[in-house]
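What follows is the content of my_file02.cif, which has mmCIF, C-alpha atoms:
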data_data
loop_
_atom_site.label_atom_id
_atom_site.label_comp_id
_atom_site.auth_asym_id
_atom_site.auth_seq_id
_atom_site.Cartn_x
_atom_site.Cartn_y
_atom_site.Cartn_z
CA MET A 1194 9.60 -20.83 -18.02
CA LYS A 1195 11.82 -20.89 -14.97
CA SER A 1196 12.88 -17.27 -15.37
CA LYS A 1197 9.23 -16.24 -15.73
CA ILE A 1198 8.26 -17.80 -12.41
CA GLU A 1199 11.43 -16.45 -10.79
CA SER A 1200 10.70 -12.95 -12.06
CA GLN A 1201 7.19 -13.13 -10.62
CA ARG A 1202 8.56 -14.29 -7.29
CA ILE A 1203 11.01 -11.40 -7.17
CA ASN A 1204 8.18 -8.98 -7.96
CA ALA A 1205 6.04 -10.52 -5.24
CA PHE A 1206 8.98 -10.32 -2.84
CA VAL A 1207 9.46 -6.61 -3.57
CA ASP A 1208 5.73 -6.11 -3.02
CA GLY A 1209 5.85 -8.00 0.28
CA GLU A 1210 3.33 -10.49 -1.09
CA LEU A 1211 5.24 -13.72 -0.51
CA ASP A 1212 4.38 -15.90 2.44
CA LEU A 1213 6.73 -15.47 5.37
CA ALA A 1214 8.82 -18.59 4.75
CA SER A 1215 9.44 -17.64 1.12
CA GLN A 1216 10.10 -14.04 2.10
CA LEU A 1217 12.77 -15.14 4.57
CA GLU A 1218 14.22 -17.62 2.10
CA MET A 1219 14.48 -14.83 -0.48
CA GLU A 1220 16.25 -12.60 2.05
CA ASP A 1221 18.72 -15.40 2.70
CA ARG A 1222 19.34 -15.91 -0.99
CA MET A 1223 19.84 -12.17 -1.49
CA ARG A 1224 22.66 -12.22 1.01
CA VAL A 1225 24.73 -14.54 -1.18
CA ASP A 1226 23.39 -13.82 -4.68
CA ALA A 1227 24.59 -10.48 -6.03
CA ALA A 1228 22.61 -10.79 -9.27
CA LEU A 1229 19.40 -11.32 -7.31
CA ARG A 1230 20.21 -8.33 -5.12
CA GLU A 1231 20.66 -6.22 -8.19
CA GLN A 1232 17.35 -7.37 -9.66
CA VAL A 1233 15.53 -6.60 -6.43
CA GLU A 1234 17.19 -3.20 -6.23
CA GLY A 1235 16.27 -2.47 -9.87
CA LEU A 1236 12.64 -3.34 -9.20
CA ARG A 1237 12.55 -1.21 -6.06
CA GLN A 1238 13.89 1.74 -8.02
CA LEU A 1239 11.38 1.22 -10.80
CA ARG A 1240 8.58 1.00 -8.26
CA ALA A 1241 9.71 4.18 -6.52
CA ALA A 1242 10.07 5.99 -9.85
CA VAL A 1243 6.53 5.01 -10.91
CA ARG A 1244 4.99 5.85 -7.55
CA GLU A 1245 6.66 9.23 -7.39
CA GLY A 1246 6.52 10.09 -11.06
CA ALA A 1247 3.15 8.89 -12.28
CA ASP A 1248 0.16 11.23 -12.18
CA TYR A 1249 -2.55 10.34 -9.73
CA HIS A 1250 -5.73 11.69 -11.25
CA ALA A 1251 -7.93 12.90 -8.44
CA ALA A 1252 -11.60 13.32 -9.29
CA PRO A 1253 -12.31 16.77 -10.75
CA ALA A 1254 -14.69 19.03 -8.84
CA ALA A 1255 -17.24 18.72 -11.63
CA LEU A 1256 -17.48 14.97 -11.12
CA ARG A 1257 -17.78 15.35 -7.37
CA GLU A 1258 -20.58 17.83 -7.81
CA ARG A 1259 -22.41 15.53 -10.19
CA MET A 1260 -22.05 12.70 -7.68
CA ALA A 1261 -23.28 14.82 -4.80
CA GLY A 1262 -26.29 15.74 -6.94
CA LEU A 1263 -26.98 12.09 -7.65
CA ILE A 1264 -26.90 11.08 -4.05
CA ALA A 1265 -28.84 13.92 -2.50
CA PRO A 1266 -32.52 13.23 -3.14
CA GLU A 1267 -33.99 15.79 -5.55
CA ARG A 1268 -35.77 18.57 -3.62
CA PRO A 1269 -37.69 21.50 -5.11
CA ASN A 1270 -35.77 24.65 -4.39
CA PRO A 1271 -37.79 27.86 -4.00
CA ALA A 1272 -34.64 29.95 -3.72
CA ARG A 1273 -33.68 28.91 -7.24
CA ALA A 1274 -34.87 32.18 -8.89
CA ALA A 1275 -32.96 34.31 -6.44
CA VAL A 1276 -29.86 32.22 -7.06
CA VAL A 1277 -30.13 32.82 -10.80
CA ALA A 1278 -30.54 36.57 -10.23
CA THR A 1279 -27.37 36.75 -8.16
CA ALA A 1280 -25.44 34.48 -10.48
CA ALA A 1281 -23.51 37.40 -11.99
CA VAL A 1282 -22.34 38.49 -8.56
CA GLN A 1283 -21.42 34.94 -7.70
CA ARG A 1284 -19.46 34.51 -10.88
CA TRP A 1285 -17.53 37.61 -9.91
CA LEU A 1286 -16.74 36.01 -6.55
CA GLN A 1287 -15.66 32.71 -8.03
CA TRP A 1288 -12.01 33.29 -7.24
CA ARG A 1289 -12.87 32.84 -3.58
CA PRO A 1290 -13.56 29.10 -3.63
CA MET A 1291 -10.52 28.71 -5.83
CA ALA A 1292 -8.28 30.46 -3.34
CA ALA A 1293 -9.86 28.40 -0.59
CA SER A 1294 -9.21 25.22 -2.50
CA PHE A 1295 -5.58 26.16 -3.05
CA ALA A 1296 -5.20 26.73 0.66
CA LEU A 1297 -6.87 23.41 1.35
CA VAL A 1298 -4.57 21.64 -1.09
CA ALA A 1299 -1.54 23.20 0.59
CA VAL A 1300 -2.72 22.16 4.04
CA LEU A 1301 -3.52 18.65 2.81
CA ALA A 1302 -0.12 18.34 1.16
CA VAL A 1303 1.64 19.19 4.41
CA ALA A 1304 -0.64 16.92 6.43
CA LEU A 1305 -0.17 14.04 3.99
CA ASN A 1306 3.58 14.47 4.03
CA LEU A 1307 3.64 14.43 7.80
CA SER A 1308 1.39 11.42 8.04
CA TRP A 1309 3.44 9.70 5.37
CA LEU A 1310 6.64 10.31 7.32
CA ARG A 1311 4.99 9.00 10.46
CA SER A 1312 3.59 5.97 8.70
CA THR A 1313 6.91 4.98 7.16
CA GLN A 1314 8.50 5.31 10.60
CA ASP A 1315 5.76 3.15 12.14
CA GLN A 1316 6.05 0.68 9.28
CA ARG A 1317 9.78 0.35 9.90
CA VAL A 1318 9.25 -0.35 13.58
CA LEU A 1319 6.45 -2.75 12.72
CA ASP A 1320 8.77 -4.64 10.36
CA ASP A 1321 11.43 -4.77 13.10
CA VAL A 1322 8.92 -5.99 15.66
CA VAL A 1323 7.62 -8.76 13.42
CA ALA A 1324 11.18 -9.74 12.44
CA SER A 1325 12.17 -9.92 16.10
CA HIS A 1326 9.14 -12.06 16.89
CA VAL A 1327 9.95 -14.41 14.02
CA ARG A 1328 13.60 -14.68 15.07
CA SER A 1329 12.60 -15.48 18.63
CA THR A 1330 10.29 -18.29 17.52
CA LEU A 1331 12.66 -19.72 14.91
CA GLY A 1332 15.73 -19.92 17.09
CA GLN A 1333 16.20 -21.25 20.60
CA HIS A 1334 16.55 -17.79 22.08
CA LEU A 1335 13.04 -17.08 23.27
CA VAL A 1336 13.83 -15.80 26.76
CA ASP A 1337 16.91 -14.61 28.67
CA VAL A 1338 15.24 -15.07 32.02
CA ALA A 1339 12.87 -18.00 32.19
CA SER A 1340 10.40 -17.51 34.98
CA SER A 1341 6.66 -17.40 35.30
CA ASP A 1342 6.95 -14.98 38.20
CA HIS A 1343 6.95 -11.29 37.43
CA HIS A 1344 8.79 -10.61 40.70
CA THR A 1345 11.77 -12.40 39.17
CA VAL A 1346 11.48 -11.08 35.63
CA LYS A 1347 10.90 -7.40 36.36
CA PRO A 1348 14.02 -6.83 38.48
CA TRP A 1349 16.10 -8.79 36.00
CA LEU A 1350 14.92 -6.64 33.10
CA SER A 1351 15.34 -3.43 35.12
CA SER A 1352 18.94 -4.39 35.84
CA LYS A 1353 19.70 -4.84 32.14
CA LEU A 1354 17.83 -1.78 30.87
CA ASP A 1355 17.73 1.89 31.74
CA PHE A 1356 14.00 1.65 32.44
CA SER A 1357 11.67 -0.62 34.35
CA PRO A 1358 9.03 -2.15 32.11
CA PRO A 1359 5.58 -3.12 33.38
CA VAL A 1360 5.60 -6.89 33.81
CA ASN A 1361 2.56 -9.00 34.59
CA GLU A 1362 1.16 -12.46 34.07
CA LEU A 1363 -1.99 -12.64 32.00
CA PRO A 1364 -5.17 -13.71 33.78
CA LEU A 1365 -6.31 -15.71 30.77
CA PRO A 1366 -7.10 -19.43 30.56
CA GLY A 1367 -4.32 -21.30 28.76
CA SER A 1368 -1.86 -18.44 29.15
CA VAL A 1369 1.66 -19.15 30.42
CA PHE A 1370 4.21 -16.46 31.23
CA LEU A 1371 7.52 -17.76 29.85
CA GLY A 1372 9.79 -14.91 30.91
CA GLY A 1373 11.63 -11.95 29.47
CA ARG A 1374 14.35 -11.10 27.03
CA VAL A 1375 16.32 -8.00 26.12
CA ASP A 1376 16.07 -7.18 22.42
CA TYR A 1377 17.13 -4.27 20.24
CA LEU A 1378 14.47 -2.42 18.25
CA ASP A 1379 14.11 1.02 16.71
CA GLY A 1380 17.55 1.99 17.96
CA HIS A 1381 16.94 1.11 21.65
CA PRO A 1382 17.42 -1.87 23.89
CA VAL A 1383 13.86 -2.98 24.63
CA ALA A 1384 12.15 -5.36 27.01
CA ALA A 1385 10.44 -8.33 25.41
CA LEU A 1386 7.96 -10.24 27.55
CA VAL A 1387 7.12 -13.66 26.25
CA TYR A 1388 3.86 -15.52 26.79
CA ARG A 1389 2.57 -18.77 25.49
CA GLN A 1390 -1.11 -18.87 24.63
CA GLY A 1391 -2.00 -22.47 23.78
CA GLN A 1392 0.51 -23.40 21.11
CA HIS A 1393 1.21 -19.79 20.15
CA VAL A 1394 4.02 -17.53 21.26
CA VAL A 1395 3.20 -13.92 22.11
CA ASN A 1396 5.95 -11.31 22.21
CA SER A 1397 5.17 -8.08 24.03
CA PHE A 1398 7.77 -5.35 23.46
CA VAL A 1399 8.07 -2.30 25.70
CA TRP A 1400 10.34 0.69 25.61
CA PRO A 1401 10.19 4.31 26.77
CA THR A 1402 8.86 6.91 24.40
CA ALA A 1403 8.44 10.66 24.36
CA SER A 1404 5.15 10.46 22.47
CA LYS A 1405 1.77 10.95 24.06
CA ASP A 1406 -0.60 8.19 25.13
CA SER A 1407 -2.35 6.63 22.17
CA ALA A 1408 -5.13 4.11 21.77
CA VAL A 1409 -4.43 0.57 20.57
CA GLU A 1410 -4.03 0.15 16.84
CA PHE A 1411 -4.41 -3.38 15.57
CA SER A 1412 -3.01 -4.48 12.27
CA GLN A 1413 -1.88 -7.56 10.44
CA GLU A 1414 1.58 -8.00 9.03
CA ARG A 1415 2.54 -11.06 6.99
CA GLY A 1416 -0.20 -13.01 8.74
CA PHE A 1417 0.81 -11.95 12.26
CA GLN A 1418 -1.49 -10.00 14.51
CA THR A 1419 0.10 -6.86 15.85
CA ALA A 1420 -1.03 -4.18 18.26
CA HIS A 1421 0.60 -0.90 19.15
CA TRP A 1422 -0.14 1.71 21.76
CA SER A 1423 1.60 4.13 24.08
CA HIS A 1424 0.77 4.56 27.74
CA GLY A 1425 2.46 6.34 30.60
CA GLY A 1426 5.63 7.15 28.65
CA MET A 1427 6.06 3.59 27.39
CA THR A 1428 5.37 2.38 23.89
CA HIS A 1429 4.03 -1.15 23.47
CA TRP A 1430 4.10 -3.50 20.52
CA VAL A 1431 2.49 -6.92 20.79
CA VAL A 1432 2.80 -9.53 18.09
CA SER A 1433 1.62 -13.11 17.76
CA ASP A 1434 0.21 -15.64 15.35
CA VAL A 1435 -2.94 -16.39 17.39
CA ASN A 1436 -6.31 -15.63 15.86
CA ARG A 1437 -7.64 -12.11 15.99
CA ASP A 1438 -10.21 -12.55 18.78
CA GLU A 1439 -7.78 -14.28 21.07
CA PHE A 1440 -5.18 -11.66 20.26
CA LYS A 1441 -7.54 -8.88 21.26
CA SER A 1442 -8.17 -10.45 24.65
CA ILE A 1443 -4.42 -10.93 25.16
CA VAL A 1444 -3.77 -7.28 24.34
CA GLY A 1445 -6.60 -6.31 26.67
CA ALA A 1446 -5.02 -8.35 29.48
CA ILE A 1447 -1.58 -6.82 28.89
CA GLN A 1448 -3.10 -3.35 28.90
CA SER A 1449 -5.05 -3.83 32.11
CA GLY A 1450 -1.89 -5.09 33.83
CA ASP A 1451 -0.07 -2.07 32.49
CA GLY A 1452 -2.69 0.25 33.95
CA ASP A 1453 -2.36 -1.25 37.44
CA ARG A 1454 1.33 -0.83 37.77
CA MET B 1223 -36.58 4.05 4.81
CA SER B 1224 -34.05 1.52 3.67
CA ASP B 1225 -33.47 3.45 0.43
CA GLU B 1226 -32.39 6.46 2.42
CA GLU B 1227 -30.21 4.23 4.58
CA ASP B 1228 -28.50 2.78 1.51
CA ARG B 1229 -27.86 6.28 0.25
CA ARG B 1230 -26.22 7.23 3.51
CA ARG B 1231 -24.15 4.04 3.63
CA PHE B 1232 -23.10 4.67 0.04
CA GLU B 1233 -22.10 8.20 0.89
CA SER B 1234 -19.88 7.07 3.76
CA LEU B 1235 -18.47 3.87 2.23
CA ALA B 1236 -18.20 4.41 -1.51
CA LEU B 1237 -17.92 8.15 -2.02
CA PRO B 1238 -14.51 8.42 -0.35
CA HIS B 1239 -13.24 6.34 -3.27
CA VAL B 1240 -14.35 8.70 -6.04
CA ASP B 1241 -10.70 9.66 -6.56
CA ALA B 1242 -9.69 6.03 -6.99
CA ALA B 1243 -12.62 5.48 -9.36
CA TYR B 1244 -11.70 8.47 -11.47
CA ASN B 1245 -7.99 7.67 -11.44
CA LEU B 1246 -8.60 4.16 -12.78
CA ALA B 1247 -11.06 5.42 -15.39
CA ARG B 1248 -8.65 8.17 -16.40
CA TRP B 1249 -5.78 5.75 -16.91
CA LEU B 1250 -7.94 3.29 -18.84
CA THR B 1251 -9.69 5.82 -21.11
CA HIS B 1252 -6.71 8.16 -21.54
CA ASN B 1253 -8.72 11.36 -21.26
CA ASP B 1254 -10.53 13.48 -18.73
CA HIS B 1255 -13.89 13.84 -20.42
CA ASP B 1256 -14.47 10.13 -21.03
CA ALA B 1257 -13.07 9.27 -17.61
CA GLN B 1258 -15.63 11.52 -15.93
CA ASP B 1259 -18.45 9.94 -17.91
CA VAL B 1260 -17.26 6.42 -17.20
CA ALA B 1261 -16.65 7.12 -13.51
CA GLN B 1262 -20.07 8.70 -13.17
CA GLU B 1263 -21.79 5.81 -14.90
CA ALA B 1264 -19.93 3.38 -12.67
CA LEU B 1265 -20.93 5.28 -9.56
CA VAL B 1266 -24.56 5.33 -10.65
CA ARG B 1267 -24.42 1.57 -11.16
CA ALA B 1268 -22.70 1.16 -7.82
CA LEU B 1269 -25.41 3.18 -6.10
CA ARG B 1270 -28.06 1.03 -7.75
CA TYR B 1271 -26.49 -2.23 -6.56
CA PHE B 1272 -25.26 -0.92 -3.24
CA GLY B 1273 -28.11 -2.48 -1.28
CA GLY B 1274 -26.57 -5.87 -2.01
CA PHE B 1275 -23.05 -4.91 -0.98
CA ARG B 1276 -22.03 -6.76 2.17
CA GLY B 1277 -18.31 -7.04 1.57
CA ASP B 1278 -15.39 -5.70 3.53
CA SER B 1279 -13.66 -3.55 0.93
CA ALA B 1280 -15.87 -0.89 -0.61
CA ARG B 1281 -12.94 0.37 -2.62
CA ALA B 1282 -12.25 -2.96 -4.34
CA TRP B 1283 -15.95 -3.43 -4.94
CA LEU B 1284 -16.32 0.01 -6.47
CA LEU B 1285 -13.19 -0.34 -8.60
CA GLN B 1286 -14.49 -3.63 -9.93
CA ILE B 1287 -17.58 -1.82 -11.20
CA VAL B 1288 -15.48 1.03 -12.60
CA ARG B 1289 -13.33 -1.49 -14.47
CA HIS B 1290 -16.40 -3.22 -15.89
CA THR B 1291 -17.79 0.09 -17.05
CA CYS B 1292 -14.44 1.04 -18.56
CA TYR B 1293 -14.21 -2.19 -20.48
CA SER B 1294 -17.64 -1.88 -22.00
CA TRP B 1295 -16.81 1.72 -22.89
CA LEU B 1296 -13.52 0.61 -24.48
CA LYS B 1297 -15.32 -2.10 -26.42
CA ASP B 1298 -17.69 0.46 -27.90
CA ASN B 1299 -15.25 3.31 -28.40
CA ARG B 1300 -11.75 1.87 -28.65
CA PRO B 1301 -12.11 -1.63 -30.06
CA ALA B 1302 -8.41 -1.68 -30.86
CA GLU B 1303 -7.53 -1.43 -27.15
CA ASN B 1304 -9.43 -4.55 -26.24
CA ILE B 1305 -6.87 -6.98 -27.51
CA SER B 1306 -7.01 -10.40 -25.97
CA LEU B 1307 -4.03 -11.31 -23.87
CA ASP B 1308 -2.34 -14.61 -23.72
CA ASP B 1309 -0.13 -14.83 -20.66
CA ALA B 1310 1.66 -17.83 -22.05
CA ASP B 1311 2.71 -16.20 -25.29
CA ASP B 1312 6.30 -16.41 -26.34
CA ALA B 1313 6.99 -12.70 -26.37
CA TRP B 1314 7.04 -12.95 -22.59
CA GLN B 1315 10.52 -14.40 -22.52
CA ASP B 1316 12.02 -11.48 -24.41
CA ILE B 1317 10.57 -8.92 -22.08
CA ALA B 1318 10.77 -10.84 -18.85
CA ALA B 1319 14.40 -11.75 -19.14
CA PRO B 1320 16.12 -8.40 -18.82
CA ALA B 1321 19.86 -8.37 -18.93
CA ILE B 1322 20.66 -8.35 -15.24
CA ASP B 1323 24.06 -6.86 -15.73
CA GLU B 1324 22.65 -3.76 -17.43
CA PRO B 1325 23.21 -0.67 -15.29
CA GLN B 1326 19.52 0.18 -14.99
CA SER B 1327 19.74 2.31 -11.92
CA LEU B 1328 21.34 5.35 -13.50
CA ALA B 1329 18.98 5.59 -16.42
CA LEU B 1330 15.93 5.02 -14.23
CA ARG B 1331 16.60 7.82 -11.83
CA LYS B 1332 16.53 10.35 -14.65
CA ALA B 1333 13.09 9.32 -15.88
CA ASP B 1334 10.80 12.29 -15.43
CA ARG B 1335 7.05 12.61 -15.01
CA LEU B 1336 6.35 12.88 -18.72
CA GLN B 1337 8.31 9.76 -19.55
CA ILE B 1338 6.74 7.75 -16.74
CA ASN B 1339 3.22 8.83 -17.62
CA ALA B 1340 3.84 8.12 -21.29
CA ALA B 1341 5.28 4.71 -20.49
CA ILE B 1342 2.24 3.75 -18.40
CA ALA B 1343 -0.15 5.10 -21.02
CA ALA B 1344 1.60 3.00 -23.68
CA LEU B 1345 1.12 -0.27 -21.78
CA PRO B 1346 -1.55 -2.64 -23.13
CA VAL B 1347 -4.69 -2.08 -21.10
CA ALA B 1348 -4.56 -5.38 -19.16
CA PHE B 1349 -1.05 -4.58 -17.90
CA ARG B 1350 -1.84 -0.92 -17.35
CA GLU B 1351 -4.75 -1.62 -15.04
CA VAL B 1352 -2.74 -4.03 -12.91
CA LEU B 1353 0.14 -1.58 -12.63
CA VAL B 1354 -2.13 1.37 -11.80
CA LEU B 1355 -3.99 -0.65 -9.16
CA ARG B 1356 -0.74 -1.80 -7.60
CA GLU B 1357 1.46 1.32 -7.76
CA LEU B 1358 -1.05 4.15 -7.63
CA GLU B 1359 -3.81 2.59 -5.54
CA GLU B 1360 -1.39 0.40 -3.57
CA LEU B 1361 -3.82 -2.50 -3.55
CA SER B 1362 -2.87 -6.02 -2.51
CA TYR B 1363 -2.57 -8.80 -5.07
CA ASN B 1364 -5.78 -10.26 -3.66
CA ASP B 1365 -7.73 -7.05 -4.19
CA ILE B 1366 -6.33 -6.69 -7.71
CA ALA B 1367 -7.32 -10.26 -8.53
CA ARG B 1368 -10.82 -9.48 -7.36
CA ILE B 1369 -11.11 -6.19 -9.23
CA ALA B 1370 -9.68 -7.48 -12.51
CA GLU B 1371 -11.45 -10.84 -12.08
CA ILE B 1372 -8.32 -12.85 -12.78
CA PRO B 1373 -6.53 -15.51 -10.73
CA LEU B 1374 -3.75 -14.47 -8.36
CA GLY B 1375 -1.15 -16.09 -10.63
CA THR B 1376 -2.30 -13.92 -13.51
CA VAL B 1377 -1.99 -10.81 -11.35
CA MET B 1378 1.61 -11.83 -10.65
CA SER B 1379 2.48 -12.54 -14.27
CA ARG B 1380 0.84 -9.38 -15.59
CA LEU B 1381 2.44 -7.20 -12.96
CA ALA B 1382 5.87 -8.70 -13.63
CA ARG B 1383 5.37 -8.14 -17.34
CA ALA B 1384 4.02 -4.62 -16.87
CA ARG B 1385 7.12 -3.75 -14.88
CA GLY B 1386 9.33 -5.39 -17.49
CA LEU B 1387 7.73 -3.21 -20.16
CA MET B 1388 8.05 -0.12 -17.98
CA ARG B 1389 11.71 -0.78 -17.39
CA GLU B 1390 12.29 -1.20 -21.11
CA ALA B 1391 10.47 2.02 -21.89
CA LEU B 1392 12.26 3.98 -19.20
CA THR B 1393 15.78 2.71 -19.74
CA MET B 1394 15.95 2.86 -23.53
CA PRO B 1395 15.79 6.61 -24.14
CA ASN B 1396 18.39 7.28 -21.51
CA THR B 1397 21.03 5.12 -23.09
CA ARG B 1398 21.41 7.64 -25.90
CA PRO B 1399 22.85 10.57 -23.95
CA GLN B 1400 25.24 8.16 -22.28
CA LEU B 1401 26.53 7.10 -25.68
CA ARG B 1402 26.85 10.64 -26.87
CA THR B 1403 29.09 11.74 -24.02
CA VAL B 1404 31.74 9.19 -24.90
CA PRO B 1405 33.87 10.52 -27.80
CA LYS B 1406 35.20 7.95 -30.20
CA PRO B 1407 38.99 7.84 -29.95
CA SER B 1408 39.33 7.25 -33.71
CA GLN B 1409 37.42 10.46 -34.56
CA ALA B 1410 39.37 12.44 -32.03
CA GLY B 1411 42.54 11.22 -33.65
CA LYS B 1412 41.38 12.31 -37.11
CA ARG B 1413 40.53 15.79 -35.96
CA GLN B 1414 43.97 16.53 -34.61
#
structure tokens encoding of this file:
Amino acid sequence: MKSKIESQRINAFVDGELDLASQLEMEDRMRVDAALREQVEGLRQLRAAVREGADYHAAPAALRERMAGLIAPERPNPARAAVVATAAVQRWLQWRPMAASFALVAVLAVALNLSWLRSTQDQRVLDDVVASHVRSTLGQHLVDVASSDHHTVKPWLSSKLDFSPPVNELPLPGSVFLGGRVDYLDGHPVAALVYRQGQHVVNSFVWPTASKDSAVEFSQERGFQTAHWSHGGMTHWVVSDVNRDEFKSIVGAIQSGDGDR
Amino acid sequence: MSDEEDRRRFESLALPHVDAAYNLARWLTHNDHDAQDVAQEALVRALRYFGGFRGDSARAWLLQIVRHTCYSWLKDNRPAENISLDDADDAWQDIAAPAIDEPQSLALRKADRLQINAAIAALPVAFREVLVLRELEELSYNDIARIAEIPLGTVMSRLARARGLMREALTMPNTRPQLRTVPKPSQAGKRQ
């Protein structure tokens, strides 16, 4: 019975479906338990093998056509006779859509691969960002420079980093600027600005990027709200455990401060 | 006209998931022809009930209907597939307790498409659907629970068992070549 539950927990862990506390506990256990590590690794390999190896059956064109016919309201078609008359010619030209579909498939394959690469990269950063947020709230090391004044925090951060991050207090009720911290994410030292919104801690990470400006993307990771955007050569990640609406207004406030500076 | 509006909503919300619908039907029925029929029937049903759909995940909602349609099709056409499953049965222990010290990694990496597809196809239907929804559709446990209409705990136990069965199926055939490459010292001695 015990091994059954344990096996389910390991599966859920590999799927990222455990709650955060259990997920962290499992990571801790993995560090000391070689057998557990091996089980997790075995499951990850099995999962990868199935995902890469198993056929994904995309809907055949015939089914799509039938569906399109079902959805489009039936209309009398006067051109029907002419269509029948030219059917022989059309049949002769049938290789054309096929060639077109091959080209489309090729383009899609490349696009999917690219987007997949990008998404795994983003997912990795997202994992790092959430992990950094969790570490900062678990331990005592929330800020390196404790000040509610951005004139103190900004120069301090600039002196520790090779860039000067936008720093501003948030004009929101119940928002307190706690200060800043230098963290290490995605292979760079990054600035982390820390706010308290009610009882919740908000970490706002900033570092320089070569990528173009992008709009805010919100997502949820292990129950945390996250937002990501790039602006003016800086990439921003914000993470907190506040509710979604409040989080959106916090992100809005951080963004408007970013625009001013 | 609200009918027309529903149609348009259906087109934008449900139609993008025709692939997912067909994929699930294909894995549950085992063949293209039946899968197309089942998927089409499910989509027709979905269109009929779409006016009442107010949920957040059109994909999970649609897949739930596809699964229903598949199961009634299986009941009529493949009664043998519809075996009842008892998650508490004793056979679980044998499958769920794999020898941890077995070197599974080597054998697994060699598993090719055919083997993997065959292994999934050989799973009992209740395990197959959970595995397909998780690994091929990448749905969350919550969505799977909703689609398969089972509690979250059952999703976890079936998925763990499905993977246990997969591992068994994929590691077994590969142990043979490993054995063959090792010559028995006694035989080698006799030959000389």
**Q.** Target residues per the PyMOL selection byres ((chain A) within 12 of (chain B)), formatted as a ChimeraX atom specification
**A.** /A:1194-1211,1227-1266
Q: Kindly resolve the PyMOL selection byres ((chain A and resi 1450) around 12) on the present coordinates and return the residues as a VMD selection string.
A: chain A and resid 1343 1358 to 1365 1424 1443 to 1449 1451 to 1454
Q: Find the distance between atom CA of B:Leu1250 and atom CA of B:Asp1365 and write it in Å to one decimal.
A: 17.9 Å
Q) What gap, in Å, lies between atom CA of A:Asp1337 and atom CA of A:Gly1372? A)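 Distance between the two atoms: 7.5 Å.
The two atoms in question, atom CA of B:Glu1227 and atom CA of B:Ala1280, are spaced 16.1 Å apart.
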Q: Just the residues within 9 Å of stretch 1401-1408 of chain A, please, counting all atoms listed in the file, with nothing from its chain fewer than 4 positions along; format it as a PyMOL selection string.
A: chain A and resi 1356+1358+1383+1421-1429
Just to be explicit: take each residue in the selection above, keep C-alpha atoms, and write the result as a PDB file, in the frame of the given file.
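The resulting file, selection-v5.pdb, is reproduced below:
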ATOM      1  CA  PHE A1356      14.000   1.650  32.440  1.00  0.00           C
ATOM      2  CA  PRO A1358       9.030  -2.150  32.110  1.00  0.00           C
ATOM      3  CA  VAL A1383      13.860  -2.980  24.630  1.00  0.00           C
ATOM      4  CA  HIS A1421       0.600  -0.900  19.150  1.00  0.00           C
ATOM      5  CA  TRP A1422      -0.140   1.710  21.760  1.00  0.00           C
ATOM      6  CA  SER A1423       1.600   4.130  24.080  1.00  0.00           C
ATOM      7  CA  HIS A1424       0.770   4.560  27.740  1.00  0.00           C
ATOM      8  CA  GLY A1425       2.460   6.340  30.600  1.00  0.00           C
ATOM      9  CA  GLY A1426       5.630   7.150  28.650  1.00  0.00           C
ATOM     10  CA  MET A1427       6.060   3.590  27.390  1.00  0.00           C
ATOM     11  CA  THR A1428       5.370   2.380  23.890  1.00  0.00           C
ATOM     12  CA  HIS A1429       4.030  -1.150  23.470  1.00  0.00           C
TER      13      HIS A1429
END
Q) Which residue gives the smallest distance to A:Gly1416 among A:Val1346, A:Val1300, A:Asp1434, A:Asn1396, with all atoms listed in the file counted? A)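 Closest residue, counting all atoms listed in the file: A:Asp1434.
Distance check against A:Val1409 using all atoms listed in the file: of A:Trp1430, A:Met1291, A:Ser1397, A:Arg1389, the minimum falls on A:Trp1430.
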Q.
Here's the selection I'm unsure about, the PyMOL selection byres ((chain B and resi 1369) around 10); applied to the file above, which residues does it give, as a PyMOL selection string?
A. chain B and resi 1281-1290+1351-1352+1355+1361+1363-1368+1370-1372
Q. Contacts of A:Arg1374 at 7 Å or less, counting only C-alpha atoms, minus same-chain residues fewer than 2 places along, as a VMD selection string?
A. chain A and resid 1336 to 1338 1376 1384 to 1386
Q: For each of B:Pro1238, B:Ala1348, B:Trp1295, B:Phe1275, take the minimum atom-to-atom distance to B:Ala1384, counting only C-alpha atoms, then give the residue where this is smallest.
A: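 Once distances to B:Ala1384 are computed over only C-alpha atoms, the minimum belongs to B:Ala1348.
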Q | All residues 10 Å or closer to A:Asn1436, only C-alpha atoms, same chain fewer than 5 positions away omitted, as a ChimeraX atom specification | A | /A:1393,1416-1418,1441
Can I get stretch 1256-1260 of chain B with N, CA and C atoms filled in, as a short mmCIF file (atom, residue, chain, number, x, y, z; two decimals), keeping the file's coordinate frame?
data_model
loop_
_atom_site.label_atom_id
_atom_site.label_comp_id
_atom_site.auth_asym_id
_atom_site.auth_seq_id
_atom_site.Cartn_x
_atom_site.Cartn_y
_atom_site.Cartn_z
N ASP B 1256 -13.93 11.49 -21.04
CA ASP B 1256 -14.47 10.13 -21.03
C ASP B 1256 -14.36 9.51 -19.64
N ALA B 1257 -13.25 9.83 -18.95
CA ALA B 1257 -13.07 9.27 -17.61
C ALA B 1257 -14.18 9.74 -16.68
N GLN B 1258 -14.55 11.01 -16.79
CA GLN B 1258 -15.63 11.52 -15.93
C GLN B 1258 -16.94 10.80 -16.24
N ASP B 1259 -17.22 10.63 -17.54
CA ASP B 1259 -18.45 9.94 -17.91
C ASP B 1259 -18.46 8.51 -17.40
N VAL B 1260 -17.33 7.82 -17.62
CA VAL B 1260 -17.26 6.42 -17.20
C VAL B 1260 -17.37 6.31 -15.68
#
